[in-house]
file data_39.cif (mmCIF, C-alpha atoms)
data_entry
#
loop_
_atom_site.label_atom_id
_atom_site.label_comp_id
_atom_site.auth_asym_id
_atom_site.auth_seq_id
_atom_site.Cartn_x
_atom_site.Cartn_y
_atom_site.Cartn_z
CA MET A 205 0.00 0.00 0.00
CA LYS A 206 1.31 3.45 -0.93
CA PRO A 207 1.72 6.12 1.77
CA PHE A 208 -1.54 7.89 2.66
CA GLU A 209 -3.53 5.69 0.29
CA GLU A 210 -5.65 4.60 3.22
CA ASN A 211 -6.38 8.14 4.49
CA ASN A 212 -7.80 11.01 2.45
CA LYS A 213 -7.73 13.44 5.38
CA LYS A 214 -4.90 15.96 5.15
CA PHE A 215 -4.77 16.91 8.82
CA GLY A 216 -2.59 15.33 11.53
CA PHE A 217 -2.11 15.75 15.27
CA GLY A 218 1.48 16.82 16.00
CA CYS A 219 2.24 15.73 19.56
CA MET A 220 5.14 18.04 20.36
CA ARG A 221 3.08 20.77 22.08
CA LEU A 222 0.51 18.91 24.18
CA PRO A 223 -1.60 20.44 26.99
CA MET A 224 0.49 20.70 30.16
CA ILE A 225 -0.06 21.08 33.91
CA ASP A 226 2.91 21.77 36.19
CA GLY A 227 5.38 20.42 33.66
CA LYS A 228 3.44 17.22 32.99
CA VAL A 229 1.15 16.34 30.11
CA ASP A 230 -2.47 17.01 31.01
CA THR A 231 -3.58 13.51 30.07
CA ALA A 232 -7.25 14.16 30.82
CA GLN A 233 -7.42 16.99 28.30
CA PHE A 234 -5.17 15.15 25.84
CA ALA A 235 -7.49 12.12 25.97
CA ASP A 236 -10.49 14.37 25.28
CA MET A 237 -8.62 15.89 22.33
CA VAL A 238 -7.77 12.43 20.99
CA ASP A 239 -11.44 11.43 21.24
CA TYR A 240 -12.61 14.56 19.42
CA PHE A 241 -9.97 14.09 16.72
CA ILE A 242 -10.96 10.48 16.03
CA GLU A 243 -14.69 11.18 16.30
CA ASN A 244 -14.23 13.63 13.44
CA GLU A 245 -12.61 10.93 11.28
CA PHE A 246 -8.98 12.02 11.64
CA THR A 247 -6.41 9.31 12.39
CA TYR A 248 -2.83 10.61 11.99
CA PHE A 249 -0.64 11.18 15.09
CA ASP A 250 3.02 12.29 15.01
CA THR A 251 5.55 12.00 17.83
CA ALA A 252 9.26 11.60 18.60
CA HIS A 253 11.13 10.39 21.66
CA GLY A 254 12.53 13.82 22.50
CA TYR A 255 9.18 15.60 22.45
CA ILE A 256 8.33 17.00 25.89
CA GLY A 257 11.33 15.21 27.38
CA GLY A 258 9.97 11.78 26.50
CA GLN A 259 6.44 12.46 27.75
CA SER A 260 4.86 12.59 24.29
CA GLU A 261 5.33 8.88 23.56
CA THR A 262 4.07 7.73 26.97
CA ALA A 263 1.09 10.12 26.82
CA ILE A 264 0.19 8.61 23.45
CA LYS A 265 0.18 5.18 25.06
CA GLU A 266 -2.04 6.36 27.90
CA CYS A 267 -4.45 8.47 25.86
CA LEU A 268 -4.50 6.81 22.43
CA THR A 269 -3.04 3.36 21.91
CA SER A 270 -4.37 1.79 25.12
CA ARG A 271 -7.86 3.14 24.40
CA TYR A 272 -8.37 2.46 20.69
CA PRO A 273 -7.90 -0.59 18.44
CA ARG A 274 -4.72 -0.48 16.34
CA GLU A 275 -6.59 0.02 13.05
CA ALA A 276 -8.26 3.19 14.40
CA TYR A 277 -5.15 5.38 14.18
CA THR A 278 -1.97 6.02 12.19
CA LEU A 279 1.15 6.58 14.29
CA THR A 280 4.45 8.14 13.22
CA ASP A 281 7.62 8.09 15.31
CA LYS A 282 11.21 9.07 14.55
CA LEU A 283 14.86 8.12 15.01
CA THR A 284 16.67 11.10 16.53
CA ALA A 285 20.45 11.55 16.49
CA PRO A 286 21.19 11.96 20.24
CA TYR A 287 19.74 8.52 21.04
CA PHE A 288 22.26 6.37 19.19
CA ASN A 289 26.01 6.37 18.60
CA LYS A 290 26.44 3.17 16.60
CA GLN A 291 24.28 0.85 14.53
CA GLU A 292 23.91 -1.58 17.41
CA ASP A 293 22.11 1.10 19.45
CA ILE A 294 19.29 1.59 16.96
CA ARG A 295 17.25 -1.59 17.34
CA PRO A 296 17.11 -1.45 21.15
CA PHE A 297 16.11 2.21 20.98
CA PHE A 298 13.46 1.45 18.37
CA GLU A 299 12.05 -1.35 20.54
CA SER A 300 11.93 1.04 23.50
CA GLN A 301 9.88 3.44 21.38
CA LEU A 302 7.40 0.71 20.47
CA LYS A 303 7.06 -0.12 24.17
CA ALA A 304 6.72 3.53 25.21
CA CYS A 305 3.96 4.06 22.64
CA GLY A 306 2.26 0.74 23.38
CA VAL A 307 2.30 -0.59 19.80
CA GLU A 308 3.84 -3.47 17.86
CA TYR A 309 4.63 -1.42 14.76
CA PHE A 310 4.77 2.17 13.51
CA ASP A 311 2.81 3.17 10.43
CA TYR A 312 5.55 5.68 9.56
CA TYR A 313 9.11 5.88 10.88
CA LEU A 314 11.21 8.89 9.95
CA MET A 315 14.89 9.68 10.15
CA HIS A 316 14.52 12.80 12.26
CA ALA A 317 15.61 16.38 11.45
CA GLN A 318 17.93 15.39 8.62
CA GLY A 319 20.49 17.92 7.44
CA SER A 320 24.17 18.36 6.73
CA GLU A 321 25.06 18.26 10.45
CA ASN A 322 23.58 14.86 11.35
CA TYR A 323 23.13 13.03 8.05
CA PRO A 324 26.76 11.79 8.07
CA LYS A 325 26.13 10.18 11.48
CA PHE A 326 23.00 8.43 10.16
CA LYS A 327 25.01 7.12 7.19
CA ARG A 328 27.96 6.05 9.31
CA CYS A 329 25.69 4.15 11.70
CA LYS A 330 23.66 2.63 8.84
CA ALA A 331 20.48 4.05 10.34
CA TYR A 332 18.62 4.06 7.03
CA GLU A 333 19.60 0.47 6.33
CA THR A 334 18.48 -0.60 9.81
CA ALA A 335 15.12 1.12 9.40
CA LEU A 336 14.62 -0.57 6.05
CA GLU A 337 15.34 -3.94 7.70
CA LEU A 338 12.69 -3.14 10.31
CA LYS A 339 10.29 -2.36 7.50
CA LYS A 340 10.92 -5.78 5.93
CA GLU A 341 10.12 -7.31 9.31
CA GLY A 342 6.78 -5.48 9.42
CA LYS A 343 7.68 -3.23 12.36
CA ILE A 344 7.56 -0.18 10.09
CA LYS A 345 4.91 0.20 7.41
CA HIS A 346 6.36 3.26 5.66
CA PHE A 347 9.86 4.77 5.79
CA GLY A 348 10.82 8.41 5.38
CA ILE A 349 12.66 11.46 6.69
CA SER A 350 11.92 14.75 8.35
CA PHE A 351 14.14 17.46 6.93
CA HIS A 352 15.65 20.82 7.97
CA ASP A 353 18.25 22.08 5.51
CA THR A 354 18.84 23.33 1.97
CA VAL A 355 17.52 21.70 -1.18
CA ASP A 356 21.01 20.49 -2.16
CA VAL A 357 21.24 18.37 0.99
CA LEU A 358 17.74 17.01 0.42
CA LYS A 359 18.69 16.01 -3.12
CA GLU A 360 21.77 14.20 -1.82
CA ILE A 361 19.69 12.19 0.64
CA LEU A 362 16.98 11.32 -1.88
CA ASP A 363 19.63 10.22 -4.38
CA ASP A 364 21.41 8.10 -1.76
CA TYR A 365 18.21 6.43 -0.56
CA PRO A 366 15.52 6.13 -3.24
CA GLU A 367 13.65 3.82 -0.84
CA ILE A 368 12.44 6.92 1.04
CA GLU A 369 8.65 6.99 0.73
CA VAL A 370 7.71 10.31 2.39
CA VAL A 371 9.44 13.57 3.28
CA GLN A 372 8.39 15.86 6.13
CA ILE A 373 9.38 19.49 5.55
CA GLN A 374 8.70 22.90 7.05
CA LEU A 375 6.20 24.67 4.82
CA ASN A 376 4.28 27.84 5.60
CA TYR A 377 3.48 31.02 3.74
CA VAL A 378 6.28 33.03 5.36
CA ASP A 379 9.00 30.42 4.81
CA TYR A 380 7.91 29.37 1.32
CA GLU A 381 10.36 31.76 -0.36
CA ASP A 382 12.72 32.11 2.62
CA LYS A 383 16.35 31.73 1.55
CA ALA A 384 17.29 29.73 4.65
CA VAL A 385 14.30 27.38 4.96
CA GLN A 386 13.85 27.05 1.15
CA GLY A 387 10.27 25.80 1.48
CA ARG A 388 9.40 26.13 -2.18
CA LYS A 389 12.61 24.51 -3.44
CA CYS A 390 12.31 21.57 -1.05
CA TYR A 391 8.64 21.06 -1.90
CA GLU A 392 9.31 21.16 -5.65
CA LEU A 393 12.20 18.71 -5.32
CA CYS A 394 10.00 16.24 -3.43
CA GLN A 395 7.37 16.63 -6.13
CA SER A 396 9.88 15.98 -8.90
CA TYR A 397 11.11 12.84 -7.09
CA GLY A 398 7.56 11.59 -6.55
CA LYS A 399 7.83 11.80 -2.75
CA PRO A 400 4.63 12.73 -0.86
CA VAL A 401 5.09 15.64 1.55
CA ILE A 402 4.14 15.92 5.22
CA VAL A 403 4.10 19.52 6.45
CA MET A 404 5.40 20.58 9.85
CA GLU A 405 5.28 24.11 11.30
CA PRO A 406 2.39 25.37 9.13
CA VAL A 407 1.80 28.19 11.62
CA LYS A 408 5.53 28.68 12.26
CA GLY A 409 5.49 27.83 15.96
CA GLY A 410 2.55 30.18 16.56
CA SER A 411 4.04 33.18 14.76
CA LEU A 412 1.27 33.06 12.15
CA VAL A 413 -1.35 33.20 14.89
CA ASN A 414 0.22 35.90 17.06
CA LEU A 415 0.10 38.45 14.27
CA PRO A 416 0.86 42.17 14.23
CA GLU A 417 -2.22 44.39 14.19
CA GLU A 418 -1.81 45.29 10.51
CA ALA A 419 -1.93 41.61 9.54
CA LYS A 420 -4.88 40.90 11.83
CA GLU A 421 -6.88 43.64 10.13
CA ILE A 422 -6.31 42.04 6.72
CA TYR A 423 -7.67 38.67 7.86
CA ASP A 424 -10.45 40.20 9.96
CA SER A 425 -11.78 41.92 6.85
CA LEU A 426 -12.45 38.48 5.32
CA GLY A 427 -14.74 37.22 8.07
CA SER A 428 -14.54 35.34 11.35
CA MET A 429 -12.15 32.47 10.55
CA SER A 430 -9.12 32.07 12.82
CA TYR A 431 -5.68 33.26 11.79
CA ALA A 432 -4.46 29.66 12.01
CA SER A 433 -7.04 28.62 9.41
CA TYR A 434 -5.35 30.62 6.66
CA ALA A 435 -1.91 29.18 7.48
CA ILE A 436 -3.01 25.54 7.73
CA ARG A 437 -5.24 25.68 4.65
CA TYR A 438 -2.44 27.38 2.71
CA ALA A 439 -0.12 24.44 3.42
CA ALA A 440 -2.82 21.86 2.73
CA GLY A 441 -3.60 23.43 -0.63
CA PHE A 442 -0.49 22.04 -2.36
CA ASP A 443 -1.26 19.00 -4.49
CA ASN A 444 1.68 16.93 -3.26
CA VAL A 445 1.06 17.74 0.41
CA LYS A 446 -0.63 14.67 1.87
CA MET A 447 -0.61 15.63 5.55
CA VAL A 448 -0.40 18.89 7.52
CA LEU A 449 0.55 18.62 11.19
CA SER A 450 -0.76 20.95 13.86
CA GLY A 451 0.73 20.99 17.35
CA MET A 452 -2.48 21.60 19.29
CA SER A 453 -2.09 22.34 22.99
CA ASP A 454 -5.72 22.70 24.09
CA MET A 455 -9.21 21.68 23.06
CA ALA A 456 -10.04 25.12 21.70
CA GLN A 457 -7.24 24.81 19.13
CA MET A 458 -8.39 21.29 18.29
CA LYS A 459 -11.98 22.36 17.66
CA ASP A 460 -10.87 25.33 15.57
CA ASN A 461 -8.54 23.24 13.39
CA VAL A 462 -11.13 20.51 12.88
CA SER A 463 -13.79 23.05 11.93
CA TYR A 464 -12.07 23.91 8.64
CA MET A 465 -10.09 20.72 7.98
CA LYS A 466 -12.92 18.18 8.29
CA HIS A 467 -14.28 19.35 4.95
CA PHE A 468 -11.13 21.01 3.63
CA THR A 469 -11.29 23.62 0.88
CA PRO A 470 -8.19 25.43 -0.46
CA LEU A 471 -7.80 29.18 -0.10
CA ASN A 472 -9.94 31.16 -2.50
CA ASP A 473 -8.56 34.13 -4.46
CA ALA A 474 -9.45 36.70 -1.81
CA GLU A 475 -7.85 34.59 0.95
CA GLN A 476 -4.71 33.96 -1.10
CA ASN A 477 -4.41 37.68 -1.76
CA ALA A 478 -4.71 38.34 1.97
CA VAL A 479 -1.96 35.78 2.69
CA ASN A 480 0.29 37.50 0.14
CA ARG A 481 -0.28 40.87 1.81
CA VAL A 482 0.51 39.40 5.25
CA CYS A 483 3.72 37.91 3.81
CA GLU A 484 4.80 41.39 2.75
CA ILE A 485 4.22 42.66 6.28
CA PHE A 486 6.41 39.91 7.72
CA LYS A 487 9.15 40.60 5.16
CA ASN A 488 9.40 44.14 6.49
CA MET A 489 9.72 43.04 10.12
CA ASP A 490 12.88 42.14 12.03
CA MET A 491 11.77 38.97 13.82
CA ILE A 492 13.82 36.09 15.17
CA PRO A 493 12.39 33.19 13.11
CA CYS A 494 12.32 30.67 15.98
CA THR A 495 9.64 27.96 15.83
CA SER A 496 9.96 26.94 19.53
CA CYS A 497 10.84 23.33 18.72
CA ARG A 498 13.02 23.44 21.87
CA TYR A 499 15.77 21.18 20.52
CA CYS A 500 18.20 23.87 21.65
CA THR A 501 17.31 23.77 25.34
CA ASP A 502 18.07 20.15 26.28
CA GLY A 503 21.84 20.45 26.26
CA CYS A 504 22.23 24.07 27.35
CA PRO A 505 24.72 24.11 30.24
CA LYS A 506 23.23 27.37 31.59
CA LYS A 507 19.64 26.12 31.26
CA ILE A 508 18.62 29.10 29.15
CA LEU A 509 15.04 28.87 27.85
CA ILE A 510 16.12 30.09 24.44
CA PRO A 511 12.76 29.92 22.56
CA ASP A 512 10.95 31.71 25.38
CA LEU A 513 13.52 34.50 25.47
CA PHE A 514 13.28 34.86 21.68
CA SER A 515 9.50 35.04 22.03
CA CYS A 516 9.87 37.83 24.57
CA TYR A 517 12.22 39.64 22.21
CA ASN A 518 9.83 39.36 19.25
CA ALA A 519 6.85 40.40 21.34
CA LYS A 520 8.62 43.52 22.61
CA THR A 521 10.39 44.63 19.42
CA VAL A 522 7.86 43.63 16.77
CA PHE A 523 4.49 43.53 18.51
CA ASN A 524 5.20 46.31 21.05
CA ASN A 525 4.09 44.09 23.91
CA TRP A 526 4.80 46.26 26.94
CA ASN A 527 4.87 43.55 29.64
CA GLN A 528 7.61 41.35 28.21
CA ASP A 529 10.16 42.61 30.75
CA TYR A 530 8.04 41.02 33.46
CA TYR A 531 7.91 37.68 31.63
CA TYR A 532 11.61 37.82 30.88
CA ASN A 533 12.72 38.55 34.45
CA THR A 534 10.03 36.82 36.49
CA VAL A 535 8.79 33.88 34.44
CA TYR A 536 11.58 32.71 32.15
CA THR A 537 14.83 33.59 33.94
CA ALA A 538 13.94 33.44 37.63
CA ASN A 539 15.04 29.80 37.80
CA ASN A 540 16.88 29.55 34.48
CA GLY A 541 19.75 31.33 32.77
CA LYS A 542 19.52 34.79 31.27
CA ALA A 543 20.61 35.51 27.71
CA GLY A 544 23.68 37.34 29.00
CA GLU A 545 24.83 34.21 30.82
CA CYS A 546 25.38 32.30 27.57
CA ILE A 547 28.90 30.82 27.50
CA LYS A 548 28.80 30.50 23.69
CA CYS A 549 29.48 26.77 23.64
CA GLY A 550 27.43 26.40 20.43
CA LYS A 551 25.47 23.28 21.44
CA CYS A 552 22.21 25.08 20.69
CA GLU A 553 23.25 26.05 17.17
CA HIS A 554 24.25 22.46 16.42
CA GLU A 555 20.70 21.33 17.26
CA CYS A 556 18.73 24.22 15.71
CA PRO A 557 16.67 23.08 12.66
CA GLN A 558 16.35 26.71 11.53
CA HIS A 559 20.16 27.17 11.57
CA LEU A 560 19.82 30.34 13.62
CA PRO A 561 22.94 32.16 14.92
CA ILE A 562 21.63 31.67 18.46
CA ARG A 563 24.73 32.95 20.23
CA GLU A 564 24.57 36.26 18.35
CA LEU A 565 20.82 36.53 18.87
CA LEU A 566 21.16 35.99 22.61
CA VAL A 567 23.47 38.99 22.71
CA GLN A 568 20.68 41.06 21.13
CA VAL A 569 18.20 39.71 23.67
CA ALA A 570 20.54 40.56 26.54
CA ASP A 571 21.04 44.07 25.18
CA LEU A 572 17.27 44.60 25.12
CA PHE A 573 16.32 43.13 28.50
CA GLU A 574 19.47 43.31 30.65
CA ARG A 575 20.72 46.81 30.01
#
call {"tool": "encode", "arguments": {"input": "data_39.cif", "output": "C-alpha cells"}}
result
Amino acid sequence: MKPFEENNKKFGFGCMRLPMIDGKVDTAQFADMVDYFIENEFTYFDTAHGYIGGQSETAIKECLTSRYPREAYTLTDKLTAPYFNKQEDIRPFFESQLKACGVEYFDYYLMHAQGSENYPKFKRCKAYETALELKKEGKIKHFGISFHDTVDVLKEILDDYPEIEVVQIQLNYVDYEDKAVQGRKCYELCQSYGKPVIVMEPVKGGSLVNLPEEAKEIYDSLGSMSYASYAIRYAAGFDNVKMVLSGMSDMAQMKDNVSYMKHFTPLNDAEQNAVNRVCEIFKNMDMIPCTSCRYCTDGCPKKILIPDLFSCYNAKTVFNNWNQDYYYNTVYTANNGKAGECIKCGKCEHECPQHLPIRELLVQVADLFER
C-alpha cells in the first residue's frame, strides 16, 4: 500500500506541544482531544522520543493506543540523532519506542531532522539500512525522513536512498520563499522525485497566529475564521502535500482546526491575496524566526530557555508588547539562565533546525532586557 492511500484526510495531530499542567502532560485533556480528533474521522498522530522530554510517547500510550484498536489510528515516530552512537544502538532504541507508545509497529518511521550536520552520522551508523530492515520485518509500514536544511542536501539524501517513501518538511506562507528554509525549493524537489510531503510548522510555531495588528486587520476583513485557518489551509492546498501537522495544545485549538479541515477547501482568491499581503508585512519586520521546537534547550549548560527568550524579544520589538520585561525577568529567567549568561558553547546552534545564529541573537536579547 502506498503512503496515505488509506487516508484522504490531510490533517494530523502533532504531539510536540501537548496540553500541560505543572510540567506534565495534562492527560485528561489530551485524551479528550484524541477522542474529538478520532470522532471527526482524523487518524494521523506524530511523535518523537525527544518531544516534551519523552512524555509525548508515553502520553500517546495512555491516551490513544491503550484506548483504541490499532486500526483506528496512524502513528508516526522518529529516530533522533542523540539517542544512538552506533548501529547496534538503533534496534534497542526502536524497541523502547514501540514499548513507550504501546504498539507493535509504527505506520511511519522517519529519520529525524535530517540535514548536513547529522546526516553523516546516520550514514555512518547505517540508520537508514536498519530502518529498512525493520520495515521488511513489518515493524515499520512506511519509511521516510523529516528534513531541515537546503535543497542540495535534500537532493543528496533522496539520491542516496531512493527507498524513502515520504518527506516531512517545514512549509508555511512566510517560509515558502525564505532563503534559509527554502520551502518552495524543497517542496518542488519532493514533487519531482515523486515523494509525498508531510508539512510541519504550518503556523511557524505560533508566529502566524500571534500576528501584528496590521496583519490581523487584513484577515479580519475576510470574516470570522481564525488566523491559524489561513496558514493551515495554505499548506494543505499544495497538491503533493498529503498531511499537515498541527501541534495543538488545548481543546479550543483542536476544535478550531477541525472546523475547517474536516471538509477542507483550499484558499480562494481573496484569501490567497490576503496571505500574500501578510507575507509582505512579515518581510518588512525584524523577527527572530524561531519555531519553539526546543531542541536547543536540552543540552544548554546554563539552562537558558532560548525559545521563550526569543519570544519575549519578538513580542517587545515587533508587537510592542509592553509587559515582556516582566515575563523575561520573572517567568523565564527566575530559575533559568539569562541571555547574558550564555557561555557561547554552540550546542544550541548544532541542534537548531532553523540554523539560527543563536549565540549572536542571545546577545541582542541581553542588550534589550538586561541593560
call {"tool": "atom_distance", "arguments": {"input": "data_39.cif", "atom1": "CA of Lys339 (chain A)", "atom2": "CA of Tyr313 (chain A)"}}
result
9.0 Å
call {"tool": "resolve_selection", "arguments": {"input": "data_39.cif", "expression": "the PyMOL selection byres ((chain A and resi 237) around 9)", "output": "PDB file with C-alpha atoms, in the coordinates of the input"}}
result
ATOM      1  CA  ALA A 232      -7.250  14.160  30.820  1.00  0.00           C
ATOM      2  CA  GLN A 233      -7.420  16.990  28.300  1.00  0.00           C
ATOM      3  CA  PHE A 234      -5.170  15.150  25.840  1.00  0.00           C
ATOM      4  CA  ALA A 235      -7.490  12.120  25.970  1.00  0.00           C
ATOM      5  CA  ASP A 236     -10.490  14.370  25.280  1.00  0.00           C
ATOM      6  CA  VAL A 238      -7.770  12.430  20.990  1.00  0.00           C
ATOM      7  CA  ASP A 239     -11.440  11.430  21.240  1.00  0.00           C
ATOM      8  CA  TYR A 240     -12.610  14.560  19.420  1.00  0.00           C
ATOM      9  CA  PHE A 241      -9.970  14.090  16.720  1.00  0.00           C
ATOM     10  CA  ILE A 242     -10.960  10.480  16.030  1.00  0.00           C
ATOM     11  CA  MET A 452      -2.480  21.600  19.290  1.00  0.00           C
ATOM     12  CA  ASP A 454      -5.720  22.700  24.090  1.00  0.00           C
ATOM     13  CA  MET A 455      -9.210  21.680  23.060  1.00  0.00           C
ATOM     14  CA  MET A 458      -8.390  21.290  18.290  1.00  0.00           C
ATOM     15  CA  LYS A 459     -11.980  22.360  17.660  1.00  0.00           C
TER      16      LYS A 459
END
call {"tool": "resolve_selection", "arguments": {"input": "data_39.cif", "expression": "the PyMOL selection byres ((chain A and resi 285-294) around 12)", "output": "PDB file with C-alpha atoms, in the frame of the given file"}}
result
ATOM      1  CA  ALA A 252       9.260  11.600  18.600  1.00  0.00           C
ATOM      2  CA  HIS A 253      11.130  10.390  21.660  1.00  0.00           C
ATOM      3  CA  GLY A 254      12.530  13.820  22.500  1.00  0.00           C
ATOM      4  CA  GLY A 258       9.970  11.780  26.500  1.00  0.00           C
ATOM      5  CA  LYS A 282      11.210   9.070  14.550  1.00  0.00           C
ATOM      6  CA  LEU A 283      14.860   8.120  15.010  1.00  0.00           C
ATOM      7  CA  THR A 284      16.670  11.100  16.530  1.00  0.00           C
ATOM      8  CA  ARG A 295      17.250  -1.590  17.340  1.00  0.00           C
ATOM      9  CA  PRO A 296      17.110  -1.450  21.150  1.00  0.00           C
ATOM     10  CA  PHE A 297      16.110   2.210  20.980  1.00  0.00           C
ATOM     11  CA  PHE A 298      13.460   1.450  18.370  1.00  0.00           C
ATOM     12  CA  GLU A 299      12.050  -1.350  20.540  1.00  0.00           C
ATOM     13  CA  SER A 300      11.930   1.040  23.500  1.00  0.00           C
ATOM     14  CA  GLN A 301       9.880   3.440  21.380  1.00  0.00           C
ATOM     15  CA  LEU A 314      11.210   8.890   9.950  1.00  0.00           C
ATOM     16  CA  MET A 315      14.890   9.680  10.150  1.00  0.00           C
ATOM     17  CA  HIS A 316      14.520  12.800  12.260  1.00  0.00           C
ATOM     18  CA  ALA A 317      15.610  16.380  11.450  1.00  0.00           C
ATOM     19  CA  GLN A 318      17.930  15.390   8.620  1.00  0.00           C
ATOM     20  CA  GLY A 319      20.490  17.920   7.440  1.00  0.00           C
ATOM     21  CA  GLU A 321      25.060  18.260  10.450  1.00  0.00           C
ATOM     22  CA  ASN A 322      23.580  14.860  11.350  1.00  0.00           C
ATOM     23  CA  TYR A 323      23.130  13.030   8.050  1.00  0.00           C
ATOM     24  CA  PRO A 324      26.760  11.790   8.070  1.00  0.00           C
ATOM     25  CA  LYS A 325      26.130  10.180  11.480  1.00  0.00           C
ATOM     26  CA  PHE A 326      23.000   8.430  10.160  1.00  0.00           C
ATOM     27  CA  LYS A 327      25.010   7.120   7.190  1.00  0.00           C
ATOM     28  CA  ARG A 328      27.960   6.050   9.310  1.00  0.00           C
ATOM     29  CA  CYS A 329      25.690   4.150  11.700  1.00  0.00           C
ATOM     30  CA  LYS A 330      23.660   2.630   8.840  1.00  0.00           C
ATOM     31  CA  ALA A 331      20.480   4.050  10.340  1.00  0.00           C
ATOM     32  CA  TYR A 332      18.620   4.060   7.030  1.00  0.00           C
ATOM     33  CA  GLU A 333      19.600   0.470   6.330  1.00  0.00           C
ATOM     34  CA  THR A 334      18.480  -0.600   9.810  1.00  0.00           C
ATOM     35  CA  ALA A 335      15.120   1.120   9.400  1.00  0.00           C
ATOM     36  CA  GLU A 337      15.340  -3.940   7.700  1.00  0.00           C
ATOM     37  CA  LEU A 338      12.690  -3.140  10.310  1.00  0.00           C
ATOM     38  CA  TYR A 499      15.770  21.180  20.520  1.00  0.00           C
ATOM     39  CA  ASP A 502      18.070  20.150  26.280  1.00  0.00           C
ATOM     40  CA  GLY A 503      21.840  20.450  26.260  1.00  0.00           C
ATOM     41  CA  HIS A 554      24.250  22.460  16.420  1.00  0.00           C
ATOM     42  CA  GLU A 555      20.700  21.330  17.260  1.00  0.00           C
TER      43      GLU A 555
END
call {"tool": "resolve_selection", "arguments": {"input": "data_39.cif", "expression": "the PyMOL selection byres ((chain A and resi 486) around 12)", "output": "JSON, numbers by chain"}}
result
{"A": [377, 378, 379, 382, 411, 412, 414, 415, 416, 417, 418, 419, 479, 480, 481, 482, 483, 484, 485, 487, 488, 489, 490, 491, 492, 493, 522, 523]}
call {"tool": "closest_residue", "arguments": {"input": "data_39.cif", "among": "A:Gln372, A:Asp311, A:Val357, A:Asn444", "to": "Ser396 (chain A)", "atoms": "only C-alpha atoms"}}
result
A:Asn444
